[in-house]
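J.: My file is query_19.pdb. It has PDB, C-alpha atoms:
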MODEL        1
ATOM      1  CA  MET A   1       0.000   0.000   0.000
ATOM      2  CA  ASP A   2       1.365   3.401  -0.995
ATOM      3  CA  GLY A   3       1.805   6.107   1.629
ATOM      4  CA  ASP A   4       3.176   5.858   5.123
ATOM      5  CA  PHE A   5       0.484   4.266   7.245
ATOM      6  CA  SER A   6       2.924   2.316   9.409
ATOM      7  CA  THR A   7       2.258   4.348  12.543
ATOM      8  CA  LEU A   8      -0.882   5.874  13.948
ATOM      9  CA  PRO A   9      -0.966   9.557  14.743
ATOM     10  CA  LYS A  10      -2.314  11.058  17.942
ATOM     11  CA  ALA A  11      -6.087  11.163  18.329
ATOM     12  CA  ARG A  12      -6.349  14.793  17.172
ATOM     13  CA  ASP A  13      -4.771  13.855  13.809
ATOM     14  CA  LEU A  14      -6.646  10.615  13.130
ATOM     15  CA  ARG A  15      -9.425  11.974  10.920
ATOM     16  CA  PRO A  16      -7.086  13.250   8.160
ATOM     17  CA  TRP A  17      -4.968  10.074   8.506
ATOM     18  CA  VAL A  18      -8.072   7.892   7.983
ATOM     19  CA  THR A  19      -9.156  10.059   5.042
ATOM     20  CA  ARG A  20      -5.771   9.506   3.352
ATOM     21  CA  PHE A  21      -5.874   5.771   4.124
ATOM     22  CA  VAL A  22      -9.369   5.396   2.624
ATOM     23  CA  ALA A  23      -8.384   7.410  -0.481
ATOM     24  CA  THR A  24      -5.302   5.236  -0.997
ATOM     25  CA  LEU A  25      -7.153   1.961  -0.437
ATOM     26  CA  THR A  26     -10.190   2.828  -2.547
ATOM     27  CA  GLU A  27      -8.184   4.370  -5.388
ATOM     28  CA  ARG A  28      -6.755   0.979  -6.301
ATOM     29  CA  ASN A  29      -9.543  -1.349  -5.155
ATOM     30  CA  ARG A  30     -12.744   0.647  -5.752
ATOM     31  CA  LEU A  31     -14.114  -0.210  -2.317
ATOM     32  CA  PRO A  32     -17.175   1.832  -1.321
ATOM     33  CA  LEU A  33     -15.868   2.929   2.080
ATOM     34  CA  ASP A  34     -18.273   5.815   2.605
ATOM     35  CA  TYR A  35     -18.303   6.077   6.427
ATOM     36  CA  THR A  36     -21.743   4.491   6.721
ATOM     37  CA  VAL A  37     -22.638   1.785   9.206
ATOM     38  CA  ALA A  38     -23.382  -0.502   6.235
ATOM     39  CA  SER A  39     -19.773  -0.100   5.054
ATOM     40  CA  LEU A  40     -18.599  -1.862   8.217
ATOM     41  CA  ARG A  41     -19.894  -5.087   6.676
ATOM     42  CA  LEU A  42     -17.403  -4.457   3.869
ATOM     43  CA  VAL A  43     -14.626  -4.142   6.460
ATOM     44  CA  ASP A  44     -15.603  -7.599   7.746
ATOM     45  CA  LEU A  45     -15.447  -8.968   4.186
ATOM     46  CA  VAL A  46     -12.063  -7.379   3.425
ATOM     47  CA  VAL A  47     -10.583  -8.815   6.613
ATOM     48  CA  ASP A  48     -12.067 -12.219   5.767
ATOM     49  CA  GLY A  49     -10.365 -12.008   2.379
ATOM     50  CA  LEU A  50      -7.054 -11.260   4.047
ATOM     51  CA  ARG A  51      -7.555 -14.266   6.333
ATOM     52  CA  ARG A  52      -8.249 -16.608   3.395
ATOM     53  CA  GLU A  53      -4.843 -15.818   1.970
ATOM     54  CA  GLN A  54      -3.397 -16.843   5.378
ATOM     55  CA  PRO A  55      -0.646 -14.252   5.406
ATOM     56  CA  ASP A  56       1.641 -13.589   8.289
ATOM     57  CA  ARG A  57      -0.144 -10.937  10.323
ATOM     58  CA  ALA A  58       2.849  -8.617  10.083
ATOM     59  CA  ARG A  59       2.373  -8.467   6.291
ATOM     60  CA  VAL A  60      -1.184  -7.129   6.632
ATOM     61  CA  GLU A  61      -0.786  -5.117   9.844
ATOM     62  CA  THR A  62      -0.881  -1.767   8.028
ATOM     63  CA  ILE A  63      -4.183  -2.618   6.329
ATOM     64  CA  LEU A  64      -5.664  -3.948   9.577
ATOM     65  CA  ARG A  65      -4.607  -0.780  11.396
ATOM     66  CA  GLY A  66      -6.135   1.392   8.683
ATOM     67  CA  LEU A  67      -9.396  -0.578   8.660
ATOM     68  CA  GLY A  68      -9.523  -0.344  12.456
ATOM     69  CA  ALA A  69      -9.071   3.413  12.291
ATOM     70  CA  TYR A  70     -11.736   3.586   9.575
ATOM     71  CA  THR A  71     -14.087   1.618  11.851
ATOM     72  CA  GLY A  72     -13.406   4.077  14.659
ATOM     73  CA  GLU A  73     -14.050   7.024  12.362
ATOM     74  CA  VAL A  74     -17.422   5.550  11.367
ATOM     75  CA  VAL A  75     -18.332   5.358  15.069
ATOM     76  CA  VAL A  76     -17.112   8.929  15.586
ATOM     77  CA  ARG A  77     -19.223  10.206  12.698
ATOM     78  CA  ARG A  78     -22.330   8.079  13.240
ATOM     79  CA  ALA A  79     -22.568   7.492  16.982
ATOM     80  CA  GLY A  80     -21.220  10.641  18.584
ATOM     81  CA  ALA A  81     -17.929   9.139  19.766
ATOM     82  CA  ARG A  82     -14.630  11.019  19.808
ATOM     83  CA  TRP A  83     -11.052   9.894  19.300
ATOM     84  CA  ILE A  84      -8.901   9.703  22.426
ATOM     85  CA  ASP A  85      -5.277   8.946  23.185
ATOM     86  CA  PHE A  86      -5.207   6.021  25.572
ATOM     87  CA  ASP A  87      -3.309   6.498  28.805
ATOM     88  CA  GLU A  88      -0.538   4.066  29.739
ATOM     89  CA  GLU A  89      -2.886   1.608  31.456
ATOM     90  CA  GLN A  90      -5.360   1.649  28.555
ATOM     91  CA  ARG A  91      -2.540   1.166  26.026
ATOM     92  CA  ALA A  92      -1.403  -1.891  27.958
ATOM     93  CA  TRP A  93      -4.971  -3.237  28.201
ATOM     94  CA  PHE A  94      -6.059  -2.540  24.618
ATOM     95  CA  GLY A  95      -2.690  -2.913  22.889
ATOM     96  CA  GLN A  96      -3.329   0.292  20.934
ATOM     97  CA  PRO A  97      -2.323   3.935  21.420
ATOM     98  CA  VAL A  98      -5.720   5.383  20.466
ATOM     99  CA  GLY A  99      -9.375   4.515  20.724
ATOM    100  CA  ILE A 100     -12.786   6.090  20.953
ATOM    101  CA  ARG A 101     -14.866   7.418  23.829
ATOM    102  CA  MET A 102     -18.614   7.046  23.550
ATOM    103  CA  PRO A 103     -21.135   9.631  24.786
ATOM    104  CA  ASP A 104     -21.685   7.511  27.918
ATOM    105  CA  GLY A 105     -17.969   7.805  28.786
ATOM    106  CA  ARG A 106     -16.913   4.267  27.910
ATOM    107  CA  ALA A 107     -13.710   3.730  25.934
ATOM    108  CA  TRP A 108     -13.671   1.252  23.044
ATOM    109  CA  ASN A 109     -10.971  -0.220  20.827
ATOM    110  CA  PRO A 110     -12.071  -0.425  17.168
ATOM    111  CA  LEU A 111      -8.529  -1.142  15.991
ATOM    112  CA  GLY A 112      -8.429  -4.180  18.244
ATOM    113  CA  LYS A 113     -11.847  -5.298  16.977
ATOM    114  CA  VAL A 114     -10.533  -5.440  13.399
ATOM    115  CA  ALA A 115      -7.440  -7.317  14.571
ATOM    116  CA  ASN A 116      -9.721  -9.756  16.424
ATOM    117  CA  ARG A 117     -11.711 -10.315  13.214
ATOM    118  CA  PHE A 118      -8.466 -11.239  11.482
ATOM    119  CA  GLU A 119      -7.437 -13.619  14.264
ATOM    120  CA  ALA A 120     -10.794 -15.227  15.126
ATOM    121  CA  GLY A 121     -12.859 -14.889  11.962
ATOM    122  CA  SER A 122     -16.587 -14.382  11.771
ATOM    123  CA  GLU A 123     -17.054 -14.700  15.556
ATOM    124  CA  GLU A 124     -15.773 -11.115  15.683
ATOM    125  CA  SER A 125     -17.860  -8.821  13.492
ATOM    126  CA  VAL A 126     -16.959  -5.187  13.024
ATOM    127  CA  GLN A 127     -20.493  -4.339  11.939
ATOM    128  CA  ARG A 128     -21.949  -6.139  14.974
ATOM    129  CA  PHE A 129     -19.440  -4.238  17.154
ATOM    130  CA  TYR A 130     -21.087  -0.989  16.053
ATOM    131  CA  LEU A 131     -24.613  -2.270  16.497
ATOM    132  CA  LEU A 132     -23.908  -3.469  20.035
ATOM    133  CA  LEU A 133     -22.012  -0.389  21.243
ATOM    134  CA  HIS A 134     -23.276   1.018  24.485
ATOM    135  CA  GLY A 135     -23.698   4.760  24.644
ATOM    136  CA  ARG A 136     -24.436   5.364  20.988
ATOM    137  CA  ALA A 137     -26.000   8.737  20.454
ATOM    138  CA  GLY A 138     -29.671   8.036  20.119
ATOM    139  CA  ARG A 139     -32.084   9.730  17.802
ATOM    140  CA  ARG A 140     -33.921  12.566  19.404
ATOM    141  CA  VAL A 141     -37.629  11.990  19.685
ATOM    142  CA  ALA A 142     -39.953  14.936  19.779
ATOM    143  CA  ALA A 143     -42.025  15.340  22.899
ATOM    144  CA  VAL A 144     -45.682  14.500  22.529
ATOM    145  CA  THR A 145     -48.362  16.354  24.497
ATOM    146  CA  LEU A 146     -50.703  13.894  26.183
ATOM    147  CA  PRO A 147     -54.210  14.582  27.502
ATOM    148  CA  GLY A 148     -53.989  16.650  30.629
ATOM    149  CA  GLY A 149     -50.994  18.626  29.347
ATOM    150  CA  ARG A 150     -48.385  16.015  30.244
ATOM    151  CA  THR A 151     -45.525  15.463  27.835
ATOM    152  CA  GLN A 152     -43.830  12.247  26.874
ATOM    153  CA  SER A 153     -40.684  11.902  24.807
TER     154      SER A 153
ENDMDL
END
In structure tokens, write the structure found in this file.
T.:
Amino acid sequence: MDGDFSTLPKARDLRPWVTRFVATLTERNRLPLDYTVASLRLVDLVVDGLRREQPDRARVETILRGLGAYTGEVVVRRAGARWIDFDEEQRAWFGQPVGIRMPDGRAWNPLGKVANRFEAGSEESVQRFYLLLHGRAGRRVAAVTLPGGRTQS
């Protein structure tokens, strides 16, 4: 893969890094990585394809890292998360320097989820990871006025 994607930047610089990664990956492969939740299914399929070739993980680490960062960026854009730099304890626990923090305050590791998909296969789904995330920003529901002037949202 062209470009230097061998190391992850700090959290504040991840969005432009992911944008460059996606442009580089899709330029050659025409993958519809459009930052939608549905595109996370494509991430699962790409990782499955990498697994079928049974490469040494080190040979595909850059792509896995990029797909993990892409997964995190989808969660940032679609679920109200934000990128964070993990502290020393979190880095040791998650094995990654960055992750995401959900609106409910929980920290998650999308880069590790993609790596787990590579290692374990379909038991670990990136798309399911998104759908099961706690603390996703919910849709706002308009309040409804009930008889007696009470409101319910």
J.: Residues at most 7 Å from Glu73 (chain A), counting all atoms listed in the file, excluding those fewer than 4 positions away in the same chain, as a list in words?
T.: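 Result of the neighbour search: Arg15, Ala69 and Arg77 of chain A.
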J.: Given only C-alpha atoms as the basis, pick out the residue of A:Ala58, A:Ala92, A:Ala107, A:Leu25 nearest to Gly72 (chain A).
T.: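 With only C-alpha atoms as the atom set, the closest residue is A:Ala107.
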J.: Could you work out how far CA of Leu50 (chain A) lies from CA of Phe129 (chain A), giving the answer in Å with one decimal?
T.: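 We find that CA of Phe129 (chain A) and CA of Leu50 (chain A) lie 19.4 Å from each other.
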J.: Enter the distance from CA of Gly66 (chain A) to CA of Gly112 (chain A), in Å, rounded to one decimal.
T.: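 Interatomic distance here is 11.3 Å.
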J.: Measuring between only C-alpha atoms, which one of A:Leu14, A:Val98, A:Ala120, A:Leu111 shows the shortest distance to Arg51 (chain A)?
T.: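 Closest candidate: A:Ala120.
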J.: Write out as a list in words which residues come within 9 Å of Arg65 (chain A) when counting all atoms listed in the file, dropping same-chain ones fewer than 5 positions away.
T.: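 My reading of the contact set: Phe5, Ser6, Thr7, Leu8, Val60, Tyr70, Leu111, Gly112, Val114 and Ala115 of chain A.
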J.: Near Phe94 (chain A), counting only C-alpha atoms, which residues have an atom at most 12 Å away, once you skip same-chain residues fewer than 2 positions from it, shown as number ranges by chain?
T.: A: 85-92, 96-100, 107-113, 115-116
